[in-house]
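Novice: Mind looking over this structure? Questions follow.
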Amino acid sequence: MCISTGRAAFSGTIVYCGRQHHPVHGLIHVLGYQNTAVNLADGPNAMLLHLPTRRLTPRHFLSAGRTGDVLHRMVAAVEPVTVAADGIAWMSAAPQPVQVFDHDVYTVLLASDPTAVPAALRQVPPHRRPVLDADLLRFYAGHFPGHTIAVCCFDNADAQRAKPLLLWYSPLDPDRLALPSLDGHTGKAPDLDAAVPVDHWVLFSTDQAPAGWGAPVHYPGDMRHRLRTFLPHAVMGRHYGDGRALPNGDFTISHRDLLAGDLDRVDRLRPVRS
């Protein structure tokens with residue numbers, strides 16, 4: 001459910017995208033991402049996520065604080081009412097060049113031009129500094145123009161204690177919710193013609209949903225107010241797994257179909273080279 005810079009195994013992935021009108025930031029999308037990672041590389045490793053926004057800075061990353069189970073709470077909300085996914089559609093379809101900062105157990109590099117990342121790696125602590133394949137970075141540059149690439153570097157000890165990644169951004173398309181879900185765990189560019197095994201909870205929300213839409217999410221009473229303003233009252237979602245494979249690509253749904261509660265309209269988006 002993600003691209004890694006070295007050999008790794010990821011399981012139990014939860015990925016969330018919500019659309020909301022924030023009282024300070026206006027119309028935004030909020031992304032949540034969490035999995036169980038086993039680093040199979042000889043040294044440090046990293047996850048790469050392509051995010052549909054032109055502007056991303058460290059302030060867009062949200063701290064889960066004491067609420068490290070926030071995405072699991074969303075799963076718990078939808079799990080009693082979820083149904084298996086019968087099928088899935090197919091779609092084709094002047095700041096610093098790289099910002100480097102620490103977030104939770106990661107050292108994160110943000111780049112609008114992925115080919116600028118190698119020059120910034122010297123800013124990553126040696127115990128988290130991965131080896132990056134040039135073809136992988138060229139793949140992102142060619143297939144995701146206008147996106148921001150997040151390289152989340154971790155070491156072997158960090159992988160097992162990571163809290164969920166939570167961040168918000170102004171999306172390229174406010175009316176299409178997209179989840180970065182390309183799969184490739186060898187450090188090379190992903191195979192876009194492959195069918196890949198899935199073990200994912202895919203969750204969505206919108207603050208324009210009608211009454212009775214989705215499943216309510218229950219949060220702890222001591223959750224920080226700033227974090228709570230970015231989180232949904234209710235979510236809809238499905239689990240994709242049970243040994244099945246899907247064409248490699250991202251999960252996406254239009255806001256109109258999400259409002260209608262039609263998760264059969266979740267598509268699998270295959271990137272095309274620009």
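Just remember, in the structure tokens the first chain shown is A, the second B, etc., residues are 1-based per chain, and ligands are 1-based in the order shown.
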Just the residues within 8 Å of A:Leu166, please, counting only C-alpha atoms, with nothing from its chain fewer than 2 positions along; format it as a PyMOL selection string.
Specialist: chain A and resi 30-33+61-64+164+168
Novice: Residues at most 8 Å from A:Ser205, counting only C-alpha atoms, excluding those fewer than 2 positions away in the same chain, as a list of chain:residue names?
Specialist: A:Cys17, A:Gly18, A:Arg19, A:Leu203, A:Asp207, A:Pro232, A:Ala234, A:Val235, A:Met236, A:Leu258
Novice: Find the residues around stretch 94-110 of chain A up to 9 Å (only C-alpha atoms counted), leave out those fewer than 3 positions away in its own chain, and share them as a PyMOL selection string.
Specialist: chain A and resi 46+56-58+61-64+113-114+116-117+119-121+123-125+128-129+148-155+158-159+161-165
Novice: Those selected residues, please, written with C-alpha atoms and delivered as a PDB file, in the first residue's frame.
Specialist:
```pdb
ATOM      1  CA  ALA A  46      11.671   5.142   3.756  1.00  0.00           C
ATOM      2  CA  LEU A  56       3.075  21.326   1.638  1.00  0.00           C
ATOM      3  CA  THR A  57       5.183  22.417   4.610  1.00  0.00           C
ATOM      4  CA  PRO A  58       5.982  20.996   8.054  1.00  0.00           C
ATOM      5  CA  PHE A  61       1.647  17.717   9.491  1.00  0.00           C
ATOM      6  CA  LEU A  62      -0.525  17.050  12.541  1.00  0.00           C
ATOM      7  CA  SER A  63       0.685  15.441  15.733  1.00  0.00           C
ATOM      8  CA  ALA A  64      -1.476  12.574  16.946  1.00  0.00           C
ATOM      9  CA  ASP A 113      10.659  17.904  -7.717  1.00  0.00           C
ATOM     10  CA  PRO A 114      11.558  14.360  -6.595  1.00  0.00           C
ATOM     11  CA  ALA A 116      16.029  17.148  -5.983  1.00  0.00           C
ATOM     12  CA  VAL A 117      15.757  14.727  -3.035  1.00  0.00           C
ATOM     13  CA  ALA A 119      21.031  16.342  -2.638  1.00  0.00           C
ATOM     14  CA  ALA A 120      19.021  16.839   0.562  1.00  0.00           C
ATOM     15  CA  LEU A 121      19.702  13.379   2.018  1.00  0.00           C
ATOM     16  CA  GLN A 123      20.372  16.457   6.179  1.00  0.00           C
ATOM     17  CA  VAL A 124      18.868  13.117   7.251  1.00  0.00           C
ATOM     18  CA  PRO A 125      20.531  11.483  10.298  1.00  0.00           C
ATOM     19  CA  ARG A 128      17.594   6.995   8.988  1.00  0.00           C
ATOM     20  CA  ARG A 129      19.260   7.865   5.689  1.00  0.00           C
ATOM     21  CA  THR A 148       4.331  17.014  -3.512  1.00  0.00           C
ATOM     22  CA  ILE A 149       6.354  13.908  -2.714  1.00  0.00           C
ATOM     23  CA  ALA A 150       6.864  12.998   0.938  1.00  0.00           C
ATOM     24  CA  VAL A 151       9.825  10.728   1.731  1.00  0.00           C
ATOM     25  CA  CYS A 152       9.345   9.437   5.293  1.00  0.00           C
ATOM     26  CA  CYS A 153      12.670   8.003   6.484  1.00  0.00           C
ATOM     27  CA  PHE A 154      12.861   5.518   9.356  1.00  0.00           C
ATOM     28  CA  ASP A 155      15.222   2.960  10.838  1.00  0.00           C
ATOM     29  CA  ASP A 158      11.392   3.194  14.558  1.00  0.00           C
ATOM     30  CA  ALA A 159       9.179   1.140  12.262  1.00  0.00           C
ATOM     31  CA  ARG A 161       6.347   2.361  17.097  1.00  0.00           C
ATOM     32  CA  ALA A 162       5.205   4.885  14.513  1.00  0.00           C
ATOM     33  CA  LYS A 163       2.004   6.804  15.165  1.00  0.00           C
ATOM     34  CA  PRO A 164      -0.303   7.528  12.228  1.00  0.00           C
ATOM     35  CA  LEU A 165       0.784  10.116   9.724  1.00  0.00           C
TER      36      LEU A 165
END
```
Novice: With only C-alpha atoms as the counted atoms, please give the residues lying no more than 8 Å from A:Asp199, apart from itself and same-chain residues fewer than 3 positions off, as an MDAnalysis selection string.
Specialist: chainID A and resid 1 11:13 239:243
Novice: Counting only C-alpha atoms, which residue out of A:Ser170, A:Thr252, A:Thr115, A:Thr67 sits closest to A:Pro52?
Specialist: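 The closest residue to A:Pro52 is A:Ser170.
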Novice: Could you pull out the strand (DSSP E) residues of stretch 89-218 of chain A, going by DSSP on the backbone, and write them as a PyMOL selection string?
Specialist: chain A and resi 89-91+98-103+106-111+148-154+165-169+176-179+195-197+200-206+215-216
Novice: Suppose we keep N, CA and C atoms; can you now write the selection as a short mmCIF file (atom, residue, chain, number, x, y, z; two decimals), in the first residue's frame?
Specialist:
```cif
data_model
loop_
_atom_site.label_atom_id
_atom_site.label_comp_id
_atom_site.auth_asym_id
_atom_site.auth_seq_id
_atom_site.Cartn_x
_atom_site.Cartn_y
_atom_site.Cartn_z
N ALA A 89 -13.66 -0.28 -9.74
CA ALA A 89 -13.54 0.26 -11.09
C ALA A 89 -12.09 0.59 -11.40
N TRP A 90 -11.80 0.83 -12.65
CA TRP A 90 -10.44 1.15 -13.09
C TRP A 90 -10.46 2.48 -13.80
N MET A 91 -9.52 3.34 -13.50
CA MET A 91 -9.39 4.63 -14.16
C MET A 91 -7.97 4.80 -14.68
N VAL A 98 13.69 21.23 -1.36
CA VAL A 98 13.34 20.13 -0.47
C VAL A 98 13.32 20.64 0.97
N GLN A 99 12.23 20.38 1.67
CA GLN A 99 12.12 20.71 3.09
C GLN A 99 12.39 19.44 3.90
N VAL A 100 13.20 19.55 4.93
CA VAL A 100 13.58 18.40 5.75
C VAL A 100 13.25 18.71 7.20
N PHE A 101 12.53 17.80 7.85
CA PHE A 101 12.14 18.02 9.25
C PHE A 101 11.81 16.67 9.89
N ASP A 102 11.78 16.65 11.21
CA ASP A 102 11.42 15.45 11.96
C ASP A 102 9.95 15.50 12.34
N HIS A 103 9.29 14.35 12.21
CA HIS A 103 7.89 14.22 12.60
C HIS A 103 7.70 12.82 13.15
N TYR A 106 9.81 9.73 12.12
CA TYR A 106 10.32 9.91 10.76
C TYR A 106 11.17 11.18 10.64
N THR A 107 12.12 11.16 9.72
CA THR A 107 12.67 12.37 9.13
C THR A 107 12.02 12.48 7.75
N VAL A 108 11.30 13.58 7.53
CA VAL A 108 10.49 13.72 6.32
C VAL A 108 11.16 14.70 5.37
N LEU A 109 11.19 14.34 4.10
CA LEU A 109 11.63 15.24 3.05
C LEU A 109 10.43 15.52 2.16
N LEU A 110 10.13 16.81 1.94
CA LEU A 110 9.04 17.22 1.07
C LEU A 110 9.62 17.86 -0.17
N ALA A 111 9.19 17.41 -1.35
CA ALA A 111 9.76 17.92 -2.59
C ALA A 111 8.70 18.00 -3.67
N THR A 148 3.23 16.97 -4.47
CA THR A 148 4.33 17.01 -3.51
C THR A 148 4.65 15.59 -3.09
N ILE A 149 5.92 15.24 -3.11
CA ILE A 149 6.35 13.91 -2.71
C ILE A 149 6.89 13.97 -1.29
N ALA A 150 6.38 13.11 -0.43
CA ALA A 150 6.86 13.00 0.94
C ALA A 150 7.69 11.72 1.07
N VAL A 151 8.95 11.87 1.47
CA VAL A 151 9.82 10.73 1.73
C VAL A 151 9.97 10.63 3.24
N CYS A 152 9.40 9.59 3.83
CA CYS A 152 9.34 9.44 5.29
C CYS A 152 10.38 8.39 5.70
N CYS A 153 11.52 8.87 6.21
CA CYS A 153 12.67 8.00 6.48
C CYS A 153 12.59 7.44 7.91
N PHE A 154 12.91 6.15 8.04
CA PHE A 154 12.86 5.52 9.36
C PHE A 154 13.95 4.46 9.45
N LEU A 165 0.49 8.86 10.40
CA LEU A 165 0.78 10.12 9.72
C LEU A 165 -0.53 10.83 9.47
N LEU A 166 -0.63 12.07 9.92
CA LEU A 166 -1.83 12.88 9.71
C LEU A 166 -1.39 14.22 9.15
N LEU A 167 -1.99 14.66 8.06
CA LEU A 167 -1.63 15.93 7.46
C LEU A 167 -2.79 16.47 6.66
N TRP A 168 -2.76 17.78 6.43
CA TRP A 168 -3.82 18.43 5.66
C TRP A 168 -3.18 19.24 4.54
N TYR A 169 -3.97 19.50 3.50
CA TYR A 169 -3.45 20.25 2.36
C TYR A 169 -4.60 20.80 1.52
N ARG A 176 -12.42 15.49 -5.76
CA ARG A 176 -12.02 14.09 -5.89
C ARG A 176 -11.07 13.76 -4.75
N LEU A 177 -11.46 12.79 -3.94
CA LEU A 177 -10.65 12.37 -2.81
C LEU A 177 -9.74 11.24 -3.27
N ALA A 178 -8.44 11.42 -3.09
CA ALA A 178 -7.47 10.46 -3.59
C ALA A 178 -6.57 9.99 -2.46
N LEU A 179 -6.28 8.69 -2.46
CA LEU A 179 -5.44 8.08 -1.45
C LEU A 179 -4.20 7.48 -2.13
N ALA A 195 -0.71 -6.88 -10.75
CA ALA A 195 -1.77 -7.01 -9.76
C ALA A 195 -1.10 -7.23 -8.42
N VAL A 196 -1.47 -6.44 -7.42
CA VAL A 196 -0.77 -6.47 -6.14
C VAL A 196 -1.71 -6.93 -5.03
N PRO A 197 -1.22 -7.70 -4.07
CA PRO A 197 -2.06 -8.11 -2.94
C PRO A 197 -2.42 -6.91 -2.09
N HIS A 200 -5.98 -3.62 3.18
CA HIS A 200 -6.15 -2.20 3.47
C HIS A 200 -7.56 -1.89 3.97
N TRP A 201 -7.62 -1.02 4.96
CA TRP A 201 -8.85 -0.30 5.27
C TRP A 201 -8.80 1.04 4.54
N VAL A 202 -9.81 1.32 3.75
CA VAL A 202 -9.90 2.55 2.96
C VAL A 202 -11.08 3.35 3.50
N LEU A 203 -10.81 4.56 4.03
CA LEU A 203 -11.81 5.35 4.74
C LEU A 203 -11.94 6.74 4.14
N PHE A 204 -13.18 7.27 4.14
CA PHE A 204 -13.44 8.60 3.61
C PHE A 204 -14.40 9.34 4.52
N SER A 205 -14.38 10.68 4.41
CA SER A 205 -15.37 11.49 5.11
C SER A 205 -15.59 12.79 4.36
N THR A 206 -16.70 13.45 4.67
CA THR A 206 -17.00 14.78 4.16
C THR A 206 -17.87 15.51 5.17
N ALA A 215 -20.78 6.22 9.62
CA ALA A 215 -20.74 5.71 10.98
C ALA A 215 -20.02 6.71 11.87
N PRO A 216 -20.62 7.08 13.00
CA PRO A 216 -19.98 8.07 13.88
C PRO A 216 -18.70 7.53 14.49
#
```
Novice: From a DSSP calculation on the backbone, collect every residue of stretch 15-205 of chain A in helix (DSSP H, G or I) and output the set as a PyMOL selection string.
Specialist: chain A and resi 58-60+70-78+114-123+126-128+134-143+158-161
Novice: Leaving out A:Arg66 and any residue of its chain fewer than 4 positions from it, which residues lie within 9 Å of it when counting only C-alpha atoms, given as a list of chain:residue names?
Specialist: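 These residues fall inside the cut-off: A:Asp222, A:Met223, A:Arg224.
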Novice: So that I have them on file, write out the residues from the current selection with all heavy atoms, as a tab-separated table (two decimals), in the first residue's frame.
Specialist:
```tsv
chain	number	residue	atom	x	y	z
A	222	ASP	N	-10.06	13.72	26.10
A	222	ASP	CA	-8.89	14.58	26.31
A	222	ASP	C	-8.13	14.86	25.02
A	222	ASP	O	-7.00	15.34	25.06
A	222	ASP	CB	-7.96	13.97	27.35
A	222	ASP	CG	-7.40	12.61	26.93
A	222	ASP	OD1	-7.88	12.06	25.91
A	222	ASP	OD2	-6.49	12.09	27.62
A	223	MET	N	-8.73	14.56	23.87
A	223	MET	CA	-8.06	14.86	22.61
A	223	MET	C	-7.84	16.36	22.48
A	223	MET	O	-8.70	17.16	22.83
A	223	MET	CB	-8.89	14.35	21.42
A	223	MET	CG	-8.30	14.73	20.06
A	223	MET	SD	-9.32	14.17	18.67
A	223	MET	CE	-8.84	12.45	18.61
A	224	ARG	N	-6.67	16.74	21.96
A	224	ARG	CA	-6.36	18.15	21.80
A	224	ARG	C	-7.32	18.80	20.80
A	224	ARG	O	-7.65	18.22	19.77
A	224	ARG	CB	-4.92	18.32	21.31
A	224	ARG	CG	-3.87	17.93	22.34
A	224	ARG	CD	-2.47	18.09	21.81
A	224	ARG	NE	-2.24	17.27	20.63
A	224	ARG	CZ	-2.03	17.77	19.41
A	224	ARG	NH1	-2.02	19.07	19.20
A	224	ARG	NH2	-1.81	16.97	18.38
```
Novice: Got a sec: who's within 9 Å of A:Asn248, counting only C-alpha atoms, leaving out chain neighbours fewer than 3 positions off, as a list in words?
Specialist: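 Near neighbours after the sequence-gap exclusion: Ser181, Leu182, Asp183, Gly184, Pro190, Asp191, Leu192, Asp193, Ala194, Ala195, Val196, Ala245, Arg268, Leu269 and Arg270 of chain A.
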Novice: Store the residues picked out above in a file with C-alpha atoms, as a short mmCIF file (atom, residue, chain, number, x, y, z; two decimals), in the first residue's frame.
Specialist:
```cif
data_model
loop_
_atom_site.label_atom_id
_atom_site.label_comp_id
_atom_site.auth_asym_id
_atom_site.auth_seq_id
_atom_site.Cartn_x
_atom_site.Cartn_y
_atom_site.Cartn_z
CA SER A 181 -1.91 3.55 -2.70
CA LEU A 182 0.69 2.54 -5.27
CA ASP A 183 2.50 -0.59 -4.20
CA GLY A 184 6.17 -1.43 -4.52
CA PRO A 190 6.51 0.28 -9.16
CA ASP A 191 5.20 -2.08 -11.83
CA LEU A 192 2.04 -0.39 -13.12
CA ASP A 193 0.98 -3.55 -14.98
CA ALA A 194 1.07 -5.73 -11.88
CA ALA A 195 -1.77 -7.01 -9.76
CA VAL A 196 -0.77 -6.47 -6.14
CA ALA A 245 -5.16 -8.70 -5.65
CA ARG A 268 -8.44 2.37 -8.82
CA LEU A 269 -6.44 5.10 -10.55
CA ARG A 270 -3.39 4.14 -12.58
#
```
Novice: At a cut-off of 7 Å, using only C-alpha atoms, what residues contact A:Asp135? Leave out same-chain residues fewer than 2 positions from it and give the result as JSON, numbers by chain.
Specialist: {"A": [133, 137, 138, 139, 188, 189]}
Novice: Let me make sure I understand: among A:Asp42, A:Asp69, A:Asp267, A:Asp173, which one has the smallest atom-to-atom distance to A:His29 if we use only C-alpha atoms?
Specialist: A:Asp173
